[in-house]
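Read through the structure below, which is laid out as structure tokens, and then see the notes.
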Amino acid sequence: MTERDTMNANAEETYLRDVGKRLRSLTPEQRDAVLDDVRAHFADAADAGRSPEQAAESLGDPAQFTERVRAELGHDAGRTDRMWRVLQWLATGAAVFTAMFVSFLWPDESLPGLDSQVEQYGFGIVLLNLLPALVAALPIFVPGRARKVTAVAAAVVLTVLGVTGNATLFYSLPAMLAWAALAVPAIARHGRPAAGWRIAGGALAILPAVLLAVGGLVGSYEIDPDGWLLTGGFIAVGALIMVGRAWAGAVVAVAGVAVLIVATLDVGMITLGIWWAGGVLLTVGVSHAVAHARPGQAVRG
């Protein structure tokens, strides 16, 4: 090998090494595929009589080149942080919504006359019921180093509230969203989630409709034609989630909000079940939408 060949090889290897270091956030398969493309580009340039410097110049400096690659693969800077913020803010909003419902609308059977908590205890109970919202919001405002630990602690606290008695069971809604805020950025850090996650999300989105259909078929309650049409629509949208359609997640999230509103307007024996169904739909829908948003269309929070 001549001195010139050695210099050319060194220039190529330097470029590849720099690119490889900047693509550590990708999966090994993705990184190897990009590096193979770069090697092919240098080889084509050499066949065309161009120098490695010219080949590198056509790609751009390693920082610019890797930024383009990450964007194309869904790794734009701050993408996972935006996912986390969107879901954590939603968990906070859900905790506020829950506090208002529990304080003003949910009839506490342990109280005389089935009065609401605010009628029994005064406005102070509203502030007490808003404490979970403060817990959900805390990770957003702590320093970056403490954020993950604080977010995990917040999700655990909300979960404990969501599985304990009576009105606090409604805090399962912010708990779902808080855990999604932790899981979705990790699942989607290398780009859009794998097929297994999409299938699981689609199955969860379909589950409330399937349970409704089973109840109608066995005669637990009667479903009118519009109800069957709505059930079929949920199943169809769940199937679209399985194949990775981002807009399907938005549809499911909106449906989840609608179900939650219905639960607050028609309080009855199955209100909690309806609430949980709405929470599942909202969590799955928003999680799918933010995880499958295109790099330039990621939801900002």
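Chains: A, B, ... in order of the structure tokens. Residues: from 1 per chain. Ligands: from 1, in order shown.
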* Give me the residues within 10 Å of Trp276 of chain A as a list in words, counting only C-alpha atoms and dropping any in the same chain fewer than 4 places off. => Leu169, Phe170, Tyr171, Ser172, Leu173, Met176, Pro208, Gly256, Val259, Leu260, Ala263, Thr271, Leu272, Val280, Leu281 and Leu282 of chain A
Residue neighbourhood Gly268 of chain A, 12 Å, only C-alpha atoms, exclusion window fewer than 4 positions, as a PDB file with C-alpha atoms, in the first residue's frame:
ATOM      1  CA  LEU A 105     -69.265  14.383  41.778  1.00  0.00           C
ATOM      2  CA  TRP A 106     -68.411  11.000  43.278  1.00  0.00           C
ATOM      3  CA  PRO A 107     -70.899  10.035  46.020  1.00  0.00           C
ATOM      4  CA  ASP A 108     -68.928   8.619  48.922  1.00  0.00           C
ATOM      5  CA  GLU A 109     -70.967   5.725  50.344  1.00  0.00           C
ATOM      6  CA  VAL A 262     -69.377   9.961  30.114  1.00  0.00           C
ATOM      7  CA  ALA A 263     -68.268   8.391  33.399  1.00  0.00           C
ATOM      8  CA  THR A 264     -68.434  11.761  35.143  1.00  0.00           C
ATOM      9  CA  LEU A 272     -65.313   2.872  38.003  1.00  0.00           C
ATOM     10  CA  GLY A 273     -65.209   0.241  35.238  1.00  0.00           C
ATOM     11  CA  ILE A 274     -66.029   2.878  32.621  1.00  0.00           C
ATOM     12  CA  TRP A 275     -63.373   5.158  34.139  1.00  0.00           C
TER      13      TRP A 275
END
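Atom CA of Phe65 of chain A lies 17.2 Å from atom CA of Thr27 of chain A.
Relative to atom CA of Thr98 of chain A, atom CA of Leu138 of chain A is found at 17.3 Å.
Counting only C-alpha atoms and comparing A:Arg192, A:Lys148, A:Lys21, A:Arg39, the residue that lies closest to Gln88 of chain A is A:Lys148.
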* To do: Pick out each residue of segment 47-158 of chain A that DSSP on the backbone tags as helix (DSSP H, G or I); I need them as a ChimeraX atom specification.
  => /A:47,52-59,62-72,79-104,112-114,117-121,124-129,131-141,144-158
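When only C-alpha atoms are used to measure the gap to Ala250 of chain A, the shortest distance among A:Leu217, A:Val290, A:Gln54, A:Ser116 belongs to A:Val290.
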* Show which residues sit within 12 Å of Leu128 of chain A, as JSON, numbers by chain. Count only C-alpha atoms, and ignore same-chain residues fewer than 2 positions away. => {"A": [95, 96, 99, 100, 102, 103, 117, 118, 121, 122, 123, 124, 125, 126, 130, 131, 132, 133, 134, 135, 168]}
Could you please take those selected residues and save N, CA and C atoms as an mmCIF file, in the first residue's frame?
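What landed in out_14.cif:
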data_model
loop_
_atom_site.group_PDB
_atom_site.id
_atom_site.type_symbol
_atom_site.label_atom_id
_atom_site.label_comp_id
_atom_site.auth_asym_id
_atom_site.auth_seq_id
_atom_site.Cartn_x
_atom_site.Cartn_y
_atom_site.Cartn_z
ATOM 1 N N ALA A 95 -54.628 13.810 37.028
ATOM 2 C CA ALA A 95 -54.763 13.847 38.487
ATOM 3 C C ALA A 95 -55.644 15.016 38.918
ATOM 4 N N VAL A 96 -55.530 16.156 38.238
ATOM 5 C CA VAL A 96 -56.406 17.297 38.535
ATOM 6 C C VAL A 96 -57.856 16.945 38.203
ATOM 7 N N ALA A 99 -59.181 14.644 40.781
ATOM 8 C CA ALA A 99 -59.467 15.334 42.044
ATOM 9 C C ALA A 99 -60.800 16.071 41.984
ATOM 10 N N MET A 100 -61.092 16.711 40.858
ATOM 11 C CA MET A 100 -62.356 17.422 40.725
ATOM 12 C C MET A 100 -63.543 16.454 40.755
ATOM 13 N N VAL A 102 -63.631 13.356 42.095
ATOM 14 C CA VAL A 102 -63.751 12.746 43.419
ATOM 15 C C VAL A 102 -64.321 13.742 44.422
ATOM 16 N N SER A 103 -63.926 15.005 44.312
ATOM 17 C CA SER A 103 -64.360 16.012 45.286
ATOM 18 C C SER A 103 -65.810 16.439 45.100
ATOM 19 N N GLN A 117 -67.767 14.706 48.757
ATOM 20 C CA GLN A 117 -66.787 15.031 49.793
ATOM 21 C C GLN A 117 -66.754 16.520 50.101
ATOM 22 N N VAL A 118 -66.866 17.359 49.077
ATOM 23 C CA VAL A 118 -66.772 18.803 49.323
ATOM 24 C C VAL A 118 -67.972 19.297 50.128
ATOM 25 N N TYR A 121 -66.989 17.986 53.808
ATOM 26 C CA TYR A 121 -65.781 18.465 54.475
ATOM 27 C C TYR A 121 -65.387 19.894 54.120
ATOM 28 N N GLY A 122 -66.028 20.488 53.120
ATOM 29 C CA GLY A 122 -65.643 21.828 52.721
ATOM 30 C C GLY A 122 -64.567 21.819 51.632
ATOM 31 N N PHE A 123 -64.181 23.017 51.208
ATOM 32 C CA PHE A 123 -63.278 23.140 50.064
ATOM 33 C C PHE A 123 -61.879 22.597 50.367
ATOM 34 N N GLY A 124 -61.534 22.499 51.640
ATOM 35 C CA GLY A 124 -60.210 21.980 51.988
ATOM 36 C C GLY A 124 -59.956 20.592 51.439
ATOM 37 N N ILE A 125 -61.018 19.788 51.293
ATOM 38 C CA ILE A 125 -60.835 18.432 50.771
ATOM 39 C C ILE A 125 -60.383 18.463 49.326
ATOM 40 N N VAL A 126 -60.728 19.526 48.598
ATOM 41 C CA VAL A 126 -60.282 19.660 47.215
ATOM 42 C C VAL A 126 -58.768 19.775 47.172
ATOM 43 N N LEU A 130 -55.988 17.211 45.541
ATOM 44 C CA LEU A 130 -55.081 17.681 44.498
ATOM 45 C C LEU A 130 -53.621 17.314 44.768
ATOM 46 N N LEU A 131 -53.329 16.764 45.931
ATOM 47 C CA LEU A 131 -51.947 16.384 46.234
ATOM 48 C C LEU A 131 -51.364 15.396 45.213
ATOM 49 N N PRO A 132 -52.148 14.391 44.734
ATOM 50 C CA PRO A 132 -51.589 13.516 43.693
ATOM 51 C C PRO A 132 -51.174 14.264 42.432
ATOM 52 N N ALA A 133 -51.877 15.357 42.107
ATOM 53 C CA ALA A 133 -51.474 16.161 40.953
ATOM 54 C C ALA A 133 -50.112 16.795 41.199
ATOM 55 N N LEU A 134 -49.870 17.225 42.426
ATOM 56 C CA LEU A 134 -48.557 17.769 42.776
ATOM 57 C C LEU A 134 -47.485 16.696 42.664
ATOM 58 N N VAL A 135 -47.816 15.490 43.097
ATOM 59 C CA VAL A 135 -46.877 14.371 42.972
ATOM 60 C C VAL A 135 -46.548 14.102 41.510
ATOM 61 N N THR A 168 -60.217 6.745 45.957
ATOM 62 C CA THR A 168 -58.839 6.811 45.473
ATOM 63 C C THR A 168 -58.584 5.844 44.318
#
* Any idea what the distance is between atom CA of Ile206 of chain A and atom CA of Leu161 of chain A? -> 26.1 Å
* **Residues near Ala43 of chain A, cut-off 12 Å, only C-alpha atoms, skip fewer than 4 positions along chain, as a list in words** => Asn8, Ala9, Glu12, Asp36, Asp37, Val38, Arg39, Asp47, Ala48, Gly49, Arg50, Ser51, Pro52, Gln54, Ala55 and Ala56 of chain A
* Residues within 8 Å of Thr80 of chain A, only C-alpha atoms, excluding chain neighbours under 5 positions, as an MDAnalysis selection string -> chainID A and resid 185:186 188:189
Restrict the selected residues to C-alpha atoms and save them as a PDB file, in the first residue's frame.
ATOM      1  CA  PRO A 185     -39.522   6.917  25.746  1.00  0.00           C
ATOM      2  CA  ALA A 186     -37.486   3.798  26.558  1.00  0.00           C
ATOM      3  CA  ALA A 188     -39.233   4.259  21.331  1.00  0.00           C
ATOM      4  CA  ARG A 189     -35.666   5.488  21.922  1.00  0.00           C
TER       5      ARG A 189
END
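In this comparison, which uses only C-alpha atoms, the residue of A:Val142, A:Leu182, A:Ala209, A:Ala91 approaching Leu158 of chain A most closely is A:Ala91.
Closest to Ala154 of chain A among A:Leu240, A:Ala255, A:Ile261, A:Ile140 is A:Ile140, based on only C-alpha atoms.
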